[in-house]
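Report on the structure given below.
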Amino acid sequence: MAVVQKLICTVERIVSHGEHVYTLDLEPERALPRFFPGQFLHLALDDYDPSSFWPESRVFSIASSPMQRRNLRISYSVRGRFTARMEKELHERQRIWIKLPYGDFIIDGKSDIVLIAGGTGMTAFTAFLDGLQPAFSHTVYLAYGARNRDLLIYRPLLEQRAKEIPQLKVLYFIEDGVNNPLYPEPAAERNEFIGRISLPVLLQKVRNPFEAVFYISGPPLMLKNISQELCDAGIKPEAIRIDAWE
Amino acid sequence: MTDSAMLRTEILRLVSQYYREKFANKTFEPFRDLVHFAGRVFDEEELTYLIDASLDFYLTANRYAERFEAELAEYLDLSNTMLVNSGSSANLVAMTALTSPKLGDRRLKPGDEVLTVAAGFPTTVAPIVQSQLVPVFVDVNLGDYTAIPERLAGAVSSRTRAIMMAHTMGVPFNLDVVLDLAKTHNLWLIEDNCDSLGSQYRERLTGTFGHLSTFSFYPAHHITMGEGGCVVTDDELMARIVRSIRDWGRDCYCAGGENNTCGKRFSQQFGKLPFGYDHKYVYSHIGYNLKVTDMQAAIGCAQLQKLPSFIAKRKANFQALMEILKPYEDRLLLPKATEHSNPSWFGFVITVREGTGFSRNDLTRFLELNRIETRNLFSGNLLCHPAFEAIPHRVVGDLKNTDFIMNNTFFIGVYPGIDDNQLEHIATTFKGFMRGERAGTIEI
């Protein structure tokens, strides 16, 4: 964990993706400290007096690249009291306090990598995928699930990256099938599947799952179920890494 | 503005005024005032920052500590800077970190050897002994006072696991050789950079080469917090270990007064503890409490801004002393930098040559009588000190130069508080000694 800093950010943009899912673009008052893909920040809504104690805050994965030290992106879905306050109180041009970086959910590139992301849990992986280079010597598999197609909010980034990085293989899982008439039915040829993230479908695609490291990020129930399924499938516990918060 | 904010502004204004009344515009008077070998150099900024931090009354590390760590990290271009309460604590934490179980097979175990030198400060070596490791001493060069590179290469045994040495008096040791040795033999490297903030080797700052490096902010050092030090690393796991050892050995890395920054405070399994045991009270190391206060860090913030000018002044004073003492080079061995290095000098080290007709103590006694402070090169030969006589250790070859240093070497100051008047007094005093004056003060 690099040196933690507290700093003020201006909320530059709030994008509502529907179903109480949002992306925030933040502009920090000064250059961000160094951080690694997969690390997270604390965001506070109440004012902070630097000579006193840090107010109530919640943690959010940093979705933007560590290379961008003048802007930040996070995504969140409303799940409790604090995120409900965020939905209600945050507005563009508002100044808020954050502190960062935290966390050791850092992907090492020493073997094939399987990323499993549910909903806004995808943000734990976006910075890593954004920085992925064509010379990367292992295969990266990503299973990205959301309640509906509109909530696959990082799909444009992934499609772009998959074009540039042949060793990036992405599967999309859409829980409640089609809800948007403009989109065709999910189809396996587009790597789209209906339903929750399916481990059997994913493992079929992974060349050697017993040599890979699995990273899971998403809602608590998903983390619990998928990590259990991976263990049941014979994946060693030390090859399963979970981005779990309270 | 609130009443408290107005009062604060007024207090800080008065503090500035106090500085000007109490400390500013001091002039040096030879024979009355000491020419210190080192000392704190400050202005009203240090004082107002200190009072500002004390008015917060947060007490433990907070905004100033955070700022200092961030700014030092930026200066060094490293990810992790972790304040501790002294340079010696920094060495203790750094060495202890290498014994962490979190390092797996690479952790140091009792009996493992660490290459070092005996001509230095005791707390470079003490942590090796305290960690039940075996210091392996190699001799040093005269003139730059760093380890003889060839001796280092010959010192590696099957038990050697690490190198821990200081860049003595600001002079970088031969990092080409040391880094090559570390790579070839898979050794850890701790740079004790306590005396060398701002020194460079091949145009890169010392303290950025090692797996871990340490800094001191004692008043004698390049910048000060009163008491203070820092451990730095670019390795995230190592940083976590360092914070743990500094902060009671706890696994949790929340700053003082903060909770659940990891977001997993009540949902992890550790050892045989019940699942979800409060992470704040889970201990993964046998640790210490070696943290700084925010008041110390506040002084450090003001000092860090002055660092470039401090370094420049140290170099200028070093050069001035070199010119003053050059005529006596037949009797005095003057300091020199190692190849490829650009020292941010800690002091001006002088060795009295053999056969000069006077001893080191004759000269230092004369200088002290004339109000010029001197210091020996720290311990001289550490192995001759009562505390170190019986430690398990190994010596490679002999320590002939180290012993010579113990008997013949000392240093005077180059710190930024030394001005032209003081330099002139130093010049006059040396001149008097060299023309044969001994007992009392020189004749003017």
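Each chain in the structure tokens gets a letter, A, B, ..., in the order shown, and its residues are numbered from 1; ligands are numbered from 1 in order too.
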Give me, as a PDB file with C-alpha atoms, in the first residue's frame, the contact residues of chain B against chain A at a cut-off of 6 Å, counting only C-alpha atoms.
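iface05.pdb, freshly written:
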```
ATOM      1  CA  ASP B  56      -4.770  20.446  16.145  1.00  0.00           C
ATOM      2  CA  SER B  79       5.851   4.280  -3.497  1.00  0.00           C
ATOM      3  CA  ASN B  80       6.275   3.772   0.212  1.00  0.00           C
ATOM      4  CA  GLU B 236       4.270  -3.358  -1.401  1.00  0.00           C
ATOM      5  CA  GLY B 263     -13.090  -2.860   4.485  1.00  0.00           C
ATOM      6  CA  LYS B 264     -12.574  -6.310   6.005  1.00  0.00           C
TER       7      LYS B 264
END
```
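Neighbours of Arg438 of chain B closer than or equal to 9 Å, with only C-alpha atoms counted and sequence neighbours fewer than 6 positions away skipped, come out as Asp362, Leu363, Arg365, Phe366 and Gly432 of chain B.
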What does the file look like for those residues with N, CA and C atoms, as a tab-separated table (two decimals), in the first residue's frame?
```tsv
chain	number	residue	atom	x	y	z
B	362	ASP	N	45.42	15.49	19.66
B	362	ASP	CA	46.06	16.80	19.77
B	362	ASP	C	45.26	17.83	18.96
B	363	LEU	N	44.93	17.43	17.76
B	363	LEU	CA	44.23	18.36	16.86
B	363	LEU	C	42.80	18.63	17.33
B	365	ARG	N	41.58	18.35	20.28
B	365	ARG	CA	41.61	19.12	21.54
B	365	ARG	C	41.80	20.61	21.24
B	366	PHE	N	42.69	20.89	20.31
B	366	PHE	CA	42.97	22.28	19.93
B	366	PHE	C	41.72	22.93	19.29
B	432	GLY	N	46.78	28.14	12.78
B	432	GLY	CA	47.51	28.23	14.04
B	432	GLY	C	48.06	26.89	14.48
```
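By chain and then residue number, the residues within 10 Å of Glu46 of chain B are Ser16, Tyr19, Val41, Ile51, Asp52, Thr224, Met225, Gln296, Ala298, Ile299, Gly300, Cys301, Ala302 and Gln303 of chain B, counting only C-alpha atoms and disregarding those fewer than 5 positions away in sequence.
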Selection to disk with C-alpha atoms, as a CSV table (one decimal), in the first residue's frame:
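Done, and the output landed in selection02.csv:
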```
chain,number,residue,atom,x,y,z
B,16,SER,CA,6.4,34.2,13.7
B,19,TYR,CA,10.9,33.5,16.0
B,41,VAL,CA,18.7,25.1,10.8
B,51,ILE,CA,2.5,25.1,16.8
B,52,ASP,CA,-0.1,24.6,14.1
B,224,THR,CA,15.3,17.3,11.2
B,225,MET,CA,12.1,16.6,13.1
B,296,GLN,CA,7.5,16.0,14.6
B,298,ALA,CA,5.1,19.2,10.9
B,299,ILE,CA,8.7,20.3,11.5
B,300,GLY,CA,9.8,17.8,8.9
B,301,CYS,CA,7.4,19.3,6.3
B,302,ALA,CA,9.0,22.7,6.7
B,303,GLN,CA,12.5,21.2,6.6
```
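Here the question is which of B:Leu369, B:Leu197, B:Leu83, B:Val282 gets nearest to His167 of chain B using only C-alpha atoms, and that residue is B:Leu197.
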Distance of atom CA of Thr351 of chain B from atom CA of Arg331 of chain B, expressed in Å to one decimal place: 8.6 Å
Excluding segment 121-129 of chain A and its own-chain neighbours fewer than 3 positions away, which residues fall within 10 Å of it when counting only C-alpha atoms? Please give them as a ChimeraX atom specification. /A:36-40,60-67,73-77,105-108,115-118,132-133,140,142-146,152-155,157-158,161-162,165,168,215-219,243-244
Save out the residues we just selected, C-alpha atoms, as a PDB file, in the first residue's frame.
```pdb
ATOM      1  CA  PHE A  36      -1.898  -0.135  -8.428  1.00  0.00           C
ATOM      2  CA  PRO A  37      -4.719  -1.565 -10.532  1.00  0.00           C
ATOM      3  CA  GLY A  38      -7.142  -3.291  -8.183  1.00  0.00           C
ATOM      4  CA  GLN A  39      -6.653  -0.897  -5.291  1.00  0.00           C
ATOM      5  CA  PHE A  40      -9.498   1.089  -3.814  1.00  0.00           C
ATOM      6  CA  PHE A  60     -14.816   1.817  -3.986  1.00  0.00           C
ATOM      7  CA  SER A  61     -12.441   0.197  -6.457  1.00  0.00           C
ATOM      8  CA  ILE A  62     -10.560   2.686  -8.576  1.00  0.00           C
ATOM      9  CA  ALA A  63     -11.751   2.030 -12.110  1.00  0.00           C
ATOM     10  CA  SER A  64      -9.420   4.470 -13.834  1.00  0.00           C
ATOM     11  CA  SER A  65      -5.839   3.795 -14.812  1.00  0.00           C
ATOM     12  CA  PRO A  66      -2.952   4.552 -12.432  1.00  0.00           C
ATOM     13  CA  MET A  67      -1.396   6.383 -15.368  1.00  0.00           C
ATOM     14  CA  ARG A  73     -13.391   7.022 -11.971  1.00  0.00           C
ATOM     15  CA  ILE A  74     -15.497   4.835  -9.715  1.00  0.00           C
ATOM     16  CA  SER A  75     -18.781   3.043 -10.223  1.00  0.00           C
ATOM     17  CA  TYR A  76     -21.305   2.092  -7.581  1.00  0.00           C
ATOM     18  CA  SER A  77     -24.702   0.592  -7.164  1.00  0.00           C
ATOM     19  CA  PHE A 105      -6.153  -7.112  -4.519  1.00  0.00           C
ATOM     20  CA  ILE A 106      -3.409  -6.704  -7.048  1.00  0.00           C
ATOM     21  CA  ILE A 107      -3.190  -8.970 -10.052  1.00  0.00           C
ATOM     22  CA  ASP A 108       0.157 -10.570 -10.638  1.00  0.00           C
ATOM     23  CA  LEU A 115     -11.155 -12.553 -13.725  1.00  0.00           C
ATOM     24  CA  ILE A 116     -14.729 -12.968 -12.558  1.00  0.00           C
ATOM     25  CA  ALA A 117     -16.682  -9.744 -12.142  1.00  0.00           C
ATOM     26  CA  GLY A 118     -20.257  -9.181 -11.044  1.00  0.00           C
ATOM     27  CA  LEU A 132      -2.766  -4.602 -20.427  1.00  0.00           C
ATOM     28  CA  GLN A 133      -0.121  -4.718 -23.137  1.00  0.00           C
ATOM     29  CA  VAL A 140      -6.489 -13.292 -19.438  1.00  0.00           C
ATOM     30  CA  LEU A 142     -12.803 -12.416 -18.004  1.00  0.00           C
ATOM     31  CA  ALA A 143     -16.329 -13.415 -17.055  1.00  0.00           C
ATOM     32  CA  TYR A 144     -18.390 -10.258 -16.666  1.00  0.00           C
ATOM     33  CA  GLY A 145     -21.950 -10.532 -15.434  1.00  0.00           C
ATOM     34  CA  ALA A 146     -24.668  -7.992 -14.804  1.00  0.00           C
ATOM     35  CA  LEU A 152     -22.437  -4.137 -18.517  1.00  0.00           C
ATOM     36  CA  ILE A 153     -21.159  -0.601 -18.222  1.00  0.00           C
ATOM     37  CA  TYR A 154     -17.525  -1.347 -18.991  1.00  0.00           C
ATOM     38  CA  ARG A 155     -18.291  -3.403 -22.082  1.00  0.00           C
ATOM     39  CA  LEU A 157     -13.674  -0.699 -22.847  1.00  0.00           C
ATOM     40  CA  LEU A 158     -13.511  -4.493 -22.875  1.00  0.00           C
ATOM     41  CA  ARG A 161      -9.191  -3.992 -25.367  1.00  0.00           C
ATOM     42  CA  ALA A 162     -10.130  -7.446 -26.690  1.00  0.00           C
ATOM     43  CA  ILE A 165      -5.064  -7.785 -27.020  1.00  0.00           C
ATOM     44  CA  LEU A 168      -7.832 -11.278 -23.646  1.00  0.00           C
ATOM     45  CA  TYR A 215      -9.717 -13.213  -9.088  1.00  0.00           C
ATOM     46  CA  ILE A 216     -13.323 -12.598  -8.061  1.00  0.00           C
ATOM     47  CA  SER A 217     -14.998  -9.252  -7.492  1.00  0.00           C
ATOM     48  CA  GLY A 218     -18.675  -8.587  -6.998  1.00  0.00           C
ATOM     49  CA  PRO A 219     -21.554  -8.870  -4.526  1.00  0.00           C
ATOM     50  CA  ASP A 243     -12.040  -8.728  -3.439  1.00  0.00           C
ATOM     51  CA  ALA A 244     -14.298  -8.823  -0.404  1.00  0.00           C
TER      52      ALA A 244
END
```
Excluding Arg13 of chain B and residues on its chain fewer than 6 positions from it, collect all residues at most 12 Å away from it, counting only C-alpha atoms, and give them as an mmCIF file with C-alpha atoms, in the first residue's frame.
```cif
data_model
loop_
_atom_site.group_PDB
_atom_site.id
_atom_site.type_symbol
_atom_site.label_atom_id
_atom_site.label_comp_id
_atom_site.auth_asym_id
_atom_site.auth_seq_id
_atom_site.Cartn_x
_atom_site.Cartn_y
_atom_site.Cartn_z
ATOM 1 C CA MET B 6 -9.094 33.901 14.307
ATOM 2 C CA LEU B 7 -7.293 32.947 17.492
ATOM 3 C CA TYR B 19 10.907 33.519 16.042
ATOM 4 C CA ARG B 20 12.169 36.857 14.812
ATOM 5 C CA GLU B 44 9.670 30.827 11.466
ATOM 6 C CA GLU B 45 8.094 28.216 9.214
ATOM 7 C CA LEU B 47 7.987 27.010 14.451
ATOM 8 C CA THR B 48 4.579 27.902 13.015
ATOM 9 C CA TYR B 49 4.083 24.411 11.559
ATOM 10 C CA ILE B 51 2.479 25.129 16.770
ATOM 11 C CA ASP B 52 -0.133 24.569 14.075
#
```
Could you give me, as an MDAnalysis selection string, each residue of segment 24-239 of chain A that DSSP assigns to alpha helix (DSSP H) when run on this structure's backbone? chainID A and resid 81:89 123:131 155:164 199:205 220:232
Taking only segment 56-207 of chain A into account, list the residues labelled strand (DSSP E or B) by DSSP (computed from the backbone), as a ChimeraX atom specification. /A:57-61,72-77,95-102,113-118,140-146,168-174,192-194
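For segment 243-247 of chain B, the non-local neighbours within 8 Å, defined as residues at least 3 positions apart in the same chain or in other chains and counting only C-alpha atoms, are Met82, Val84, Val93, Thr96, Ala97, Ala239, Arg240, Arg250, Asp251, Cys252, Tyr253, Ser284, His285, Ile286, Gly287, Tyr288, Asn289, Leu290 and Lys291 of chain B.
When only C-alpha atoms are used to compute distances to Leu334 of chain B, the closest of the residues B:Gly347, B:Asn361, B:Thr208, B:Met165 turns out to be B:Gly347.
For the choices B:Ala387, B:Val414, B:Leu179, B:Ala94, the atom-to-atom distance to Ser213 of chain B is smallest for B:Ala94 when using only C-alpha atoms.
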List as a PyMOL selection string the protein and nucleic acid residues near Phe388 of chain B, meaning an atom at most 12 Å away when only C-alpha atoms are counted, but skip any in the same chain fewer than 2 places from it. chain B and resi 118+122-123+125-126+128-130+134-135+379+381-386+390-393
